[in-house]
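Below is one structure, written out as structure tokens; the observations come after it.
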Number of protein chains: 2
Amino acid sequence: MSIKISAKANTKATIIQAGLEIMLEKGYSNTGIQEVLSTSGVPKGSFYHYFESKENFAFEIIHSVQESWVANNLPTLQDGEQTPLQRLRTYCDIGLTSLLTGQCRKGCLIGNLSQEMSDQSEVLRTALSHVMTARRDALAVCIAEGQEMGEISRSFPATELADLFDSGWSGAVMSAKTEKTVRPVEIFINLMFGYFLKADVQPMSHRYSAA
Amino acid sequence: MSIKISAKANTKATIIQAGLEIMLEKGYSNTGIQEVLSTSGVPKGSFYHYFESKENFAFEIIHSVQESWVANNLPTLQDGEQTPLQRLRTYCDIGLTSLLTGQCRKGCLIGNLSQEMSDQSEVLRTALSHVMTARRDALAVCIAEGQEMGEISRSFPATELADLFDSGWSGAVMSAKTEKTVRPVEIFINLMFGYFLKADVQPMSHRYSAA
């Protein structure tokens, strides 16, 4: 029985992984279920054995992307061996490397599906919104820690800096994907870390009193 | 003869406008040609009289969106009655009002299609990339003017600030669309104009000598 369950879970994970790869490049609407099944080597017709609908399939893909982010990216933002500013920089460097490796194709599934599906499916919009909130919350915690130790500007609340950081990053990745160059992402990194997040550029009049 | 040409041009413009509205909400792949024709009251089957293909139709829509931006938004960035910083702020306020009016649906067609189609169609990717470059160039000219008159930070080249401004704006609009709140856009505006663009937050060591 446990072997059966495990085999079923493996097949489902294989279909999700194949769907993720295809959806990342083609978007939701252009992703054909038959192509996903062919790629994953799963017999045709078995899709609805694992997923209620294409929407449910995309929901599970989003869930899997976020699980992978929690396992692989979140630890960087929580890494006690680095200062908060270093963690944010490492986090960006990992994203930049991934873009370069993929030759600026694909971008970020969460961003891609947000643009394509937010007005089309309330189920997917809600799932995407939860992912975005979780990521910004994690950025805000890291930024707040950097503010506490005086490494990051305290001119604005950590949650607002996290919002801008996330918006700027997402927009830069979107531009990189369209212009097929990582330059917008490099500029984002240079300005954020060379200037905007730095504590020493706070206007004196806005500075909090030292803790 | 001129009446015929004009009627044809009008019909084409009507189809483009209907296509724009539908594509803005549904994306490229989910936009059906029949729905576009029904909405615009044009007889079925006449689509290919006006457009070579669906891709060519989307290309013409992108072109029309940019023409409209040049007519309606670019003048704000060049308005001699306002200072450069005021122009940028008005430019953002117009965008924010548009998002609020549309209840955070739709977003920006250029951003939407960029995410969806950049890896699917080189024709559309190139068109979108040209639009993005033109917009960023216009932002950079305005920002450079503000730097010259000492109103905008000179810590970084105008082109790089324009890049960050554009990335941050696009990312914030994307978040607004997914989260169905303009809060990310408001935060972007607050931080950009309250802090990041302001000349008085330059670190002293980076400041250019006064002109």
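Scheme for the structure tokens: letters A, B, ... for chains in order shown; per-chain residue numbers from 1; ligand numbers from 1 in order shown.
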
I'd like a table as CSV: residues in chain B with an atom no more than 6 Å from chain A, each row giving the shortest atom pair and its distance in Å to one decimal, only C-alpha atoms counted, sorted by chain and rising residue number.
```
residue,atom,partner,partner_atom,distance
B:Gly27,CA,A:Glu116,CA,5.8
B:Ser29,CA,A:Ser29,CA,5.9
B:Asn112,CA,A:Gln115,CA,5.1
B:Ser114,CA,A:Thr178,CA,5.8
B:Gln115,CA,A:Asn112,CA,5.1
B:Glu116,CA,A:Gly27,CA,5.9
B:Ser118,CA,A:Thr178,CA,5.3
B:Arg125,CA,A:Thr178,CA,5.9
B:Ser129,CA,A:Glu179,CA,5.5
B:Leu164,CA,A:Phe188,CA,5.8
B:Ser167,CA,A:Gly171,CA,4.1
B:Gly168,CA,A:Gly168,CA,3.8
B:Ser170,CA,A:Gly171,CA,5.1
B:Gly171,CA,A:Ser167,CA,4.1
B:Ala172,CA,A:Ser167,CA,4.9
B:Thr178,CA,A:Ser118,CA,5.3
B:Glu179,CA,A:Ser129,CA,5.5
B:Phe188,CA,A:Leu164,CA,5.8
B:Val201,CA,A:Pro203,CA,4.9
B:Gln202,CA,A:Val201,CA,5.9
B:Pro203,CA,A:Val201,CA,5.0
```

Backbone-only DSSP, alpha helix (DSSP H) members of chain A, as JSON, numbers by chain
{"A": [2, 3, 4, 5, 6, 7, 8, 9, 10, 11, 12, 13, 14, 15, 16, 17, 18, 19, 20, 21, 22, 23, 24, 25, 26, 33, 34, 35, 36, 37, 38, 39, 40, 47, 48, 49, 50, 54, 55, 56, 57, 58, 59, 60, 61, 62, 63, 64, 65, 66, 67, 68, 69, 70, 71, 72, 74, 75, 76, 77, 84, 85, 86, 87, 88, 89, 90, 91, 92, 93, 94, 95, 96, 97, 98, 99, 100, 101, 109, 110, 111, 112, 113, 114, 115, 116, 117, 122, 123, 124, 125, 126, 127, 128, 129, 130, 131, 132, 133, 134, 135, 136, 137, 138, 139, 140, 141, 142, 143, 144, 145, 146, 147, 148, 158, 159, 160, 161, 162, 163, 164, 165, 166, 167, 168, 169, 170, 171, 172, 173, 174, 175, 176, 177, 178, 179, 183, 184, 185, 186, 187, 188, 189, 190, 191]}

Please produce a file of the residues just selected, as a tab-separated table (two decimals), in the first residue's frame, where the atoms kept are C-alpha atoms.
```
chain	number	residue	atom	x	y	z
A	2	SER	CA	2.75	2.46	0.97
A	3	ILE	CA	4.63	1.60	-2.23
A	4	LYS	CA	1.50	2.37	-4.24
A	5	ILE	CA	1.06	5.71	-2.50
A	6	SER	CA	4.71	6.53	-3.04
A	7	ALA	CA	4.53	5.61	-6.73
A	8	LYS	CA	1.45	7.77	-7.14
A	9	ALA	CA	3.13	10.68	-5.32
A	10	ASN	CA	6.22	10.31	-7.51
A	11	THR	CA	4.19	10.31	-10.70
A	12	LYS	CA	2.31	13.40	-9.53
A	13	ALA	CA	5.59	15.15	-8.68
A	14	THR	CA	6.98	14.22	-12.12
A	15	ILE	CA	3.93	15.70	-13.87
A	16	ILE	CA	4.16	18.85	-11.73
A	17	GLN	CA	7.85	19.27	-12.56
A	18	ALA	CA	7.22	18.83	-16.29
A	19	GLY	CA	4.29	21.27	-16.11
A	20	LEU	CA	6.40	23.81	-14.25
A	21	GLU	CA	9.11	23.76	-16.93
A	22	ILE	CA	6.62	24.13	-19.77
A	23	MET	CA	4.41	26.72	-18.03
A	24	LEU	CA	7.46	28.76	-17.10
A	25	GLU	CA	8.33	29.16	-20.75
A	26	LYS	CA	4.89	29.18	-22.40
A	33	ILE	CA	-1.81	18.88	-21.00
A	34	GLN	CA	-0.81	16.37	-23.66
A	35	GLU	CA	2.62	17.94	-23.98
A	36	VAL	CA	3.07	17.81	-20.20
A	37	LEU	CA	2.13	14.13	-20.11
A	38	SER	CA	4.38	13.26	-23.07
A	39	THR	CA	7.31	15.09	-21.47
A	40	SER	CA	6.80	13.34	-18.15
A	47	PHE	CA	-4.03	13.56	-15.99
A	48	TYR	CA	-7.41	13.74	-14.26
A	49	HIS	CA	-6.38	10.86	-12.04
A	50	TYR	CA	-3.98	13.32	-10.40
A	54	LYS	CA	-5.94	22.47	-15.45
A	55	GLU	CA	-6.55	25.23	-12.89
A	56	ASN	CA	-5.98	22.77	-10.04
A	57	PHE	CA	-2.80	21.60	-11.82
A	58	ALA	CA	-1.51	25.19	-11.98
A	59	PHE	CA	-2.45	25.67	-8.32
A	60	GLU	CA	-0.33	22.65	-7.40
A	61	ILE	CA	2.54	23.93	-9.53
A	62	ILE	CA	2.41	27.28	-7.69
A	63	HIS	CA	2.40	25.41	-4.37
A	64	SER	CA	5.42	23.36	-5.46
A	65	VAL	CA	7.31	26.50	-6.60
A	66	GLN	CA	6.74	28.06	-3.21
A	67	GLU	CA	7.83	24.88	-1.39
A	68	SER	CA	11.02	24.92	-3.42
A	69	TRP	CA	11.54	28.62	-2.57
A	70	VAL	CA	11.08	27.88	1.13
A	71	ALA	CA	13.62	25.02	0.91
A	72	ASN	CA	16.22	26.73	-1.30
A	74	LEU	CA	14.39	31.34	2.27
A	75	PRO	CA	17.41	29.91	4.17
A	76	THR	CA	19.57	32.55	2.45
A	77	LEU	CA	17.41	35.31	3.97
A	84	PRO	CA	21.12	40.97	6.65
A	85	LEU	CA	22.51	43.13	3.82
A	86	GLN	CA	24.83	40.30	2.74
A	87	ARG	CA	21.90	37.87	2.79
A	88	LEU	CA	19.82	40.15	0.55
A	89	ARG	CA	22.77	40.49	-1.79
A	90	THR	CA	23.30	36.70	-1.93
A	91	TYR	CA	19.57	36.29	-2.55
A	92	CYS	CA	19.81	38.63	-5.56
A	93	ASP	CA	23.02	37.01	-6.81
A	94	ILE	CA	21.31	33.60	-6.83
A	95	GLY	CA	18.44	35.06	-8.88
A	96	LEU	CA	20.84	36.79	-11.25
A	97	THR	CA	22.83	33.58	-11.80
A	98	SER	CA	19.61	31.73	-12.50
A	99	LEU	CA	18.59	34.33	-15.09
A	100	LEU	CA	22.04	34.16	-16.74
A	101	THR	CA	21.96	30.35	-16.77
A	109	LEU	CA	6.64	31.62	-12.70
A	110	ILE	CA	4.93	33.60	-9.96
A	111	GLY	CA	5.42	36.86	-11.86
A	112	ASN	CA	4.50	35.32	-15.20
A	113	LEU	CA	1.27	33.74	-13.96
A	114	SER	CA	0.38	36.89	-12.02
A	115	GLN	CA	0.37	38.91	-15.20
A	116	GLU	CA	-1.43	36.29	-17.24
A	117	MET	CA	-3.96	34.85	-14.82
A	122	GLU	CA	-9.61	33.81	-8.58
A	123	VAL	CA	-8.16	30.49	-7.34
A	124	LEU	CA	-4.79	31.17	-8.98
A	125	ARG	CA	-4.82	34.88	-8.11
A	126	THR	CA	-5.30	34.05	-4.42
A	127	ALA	CA	-2.53	31.43	-4.49
A	128	LEU	CA	-0.15	33.85	-6.23
A	129	SER	CA	-1.05	36.63	-3.82
A	130	HIS	CA	-0.24	34.38	-0.83
A	131	VAL	CA	3.14	33.52	-2.33
A	132	MET	CA	3.95	37.18	-2.96
A	133	THR	CA	2.97	38.09	0.60
A	134	ALA	CA	5.09	35.29	2.10
A	135	ARG	CA	8.13	36.39	0.10
A	136	ARG	CA	7.73	40.04	1.00
A	137	ASP	CA	7.24	39.13	4.67
A	138	ALA	CA	10.53	37.19	4.62
A	139	LEU	CA	12.30	40.14	2.96
A	140	ALA	CA	10.79	42.50	5.55
A	141	VAL	CA	12.06	40.37	8.46
A	142	CYS	CA	15.58	40.41	7.01
A	143	ILE	CA	15.43	44.17	6.32
A	144	ALA	CA	14.10	44.88	9.83
A	145	GLU	CA	17.04	42.97	11.29
A	146	GLY	CA	19.41	45.05	9.17
A	147	GLN	CA	17.71	48.22	10.36
A	148	GLU	CA	18.03	47.15	13.99
A	158	ALA	CA	10.97	47.53	6.77
A	159	THR	CA	7.68	46.37	5.24
A	160	GLU	CA	7.70	49.30	2.79
A	161	LEU	CA	11.34	48.81	1.86
A	162	ALA	CA	10.56	45.11	1.34
A	163	ASP	CA	7.67	46.06	-0.93
A	164	LEU	CA	9.83	48.32	-3.04
A	165	PHE	CA	12.64	45.75	-3.10
A	166	ASP	CA	10.24	43.10	-4.33
A	167	SER	CA	8.54	45.36	-6.89
A	168	GLY	CA	11.89	46.56	-8.23
A	169	TRP	CA	13.22	43.03	-8.48
A	170	SER	CA	10.11	41.67	-10.23
A	171	GLY	CA	10.02	44.56	-12.69
A	172	ALA	CA	13.72	44.17	-13.45
A	173	VAL	CA	13.33	40.43	-14.09
A	174	MET	CA	10.39	41.19	-16.38
A	175	SER	CA	12.49	43.69	-18.36
A	176	ALA	CA	15.38	41.22	-18.50
A	177	LYS	CA	13.08	38.60	-19.98
A	178	THR	CA	11.79	40.97	-22.66
A	179	GLU	CA	15.08	42.64	-23.49
A	183	ARG	CA	21.26	44.72	-17.35
A	184	PRO	CA	17.99	45.90	-15.67
A	185	VAL	CA	18.64	43.40	-12.85
A	186	GLU	CA	22.28	44.50	-12.49
A	187	ILE	CA	21.17	48.14	-12.30
A	188	PHE	CA	18.57	47.24	-9.66
A	189	ILE	CA	21.25	45.49	-7.59
A	190	ASN	CA	23.77	48.32	-8.00
A	191	LEU	CA	21.32	51.04	-6.96
```

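For the pair CA of Asp79 in chain B and CA of Arg154 in chain B, the separation is 21.5 Å.
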
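As for CA of Lys44 in chain B and CA of Gly32 in chain B, they are spaced 11.9 Å apart.
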
Atom-to-atom span, CA of Met149 in chain B and CA of Gly80 in chain B, Å
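Between these atoms lies a distance of 13.3 Å.
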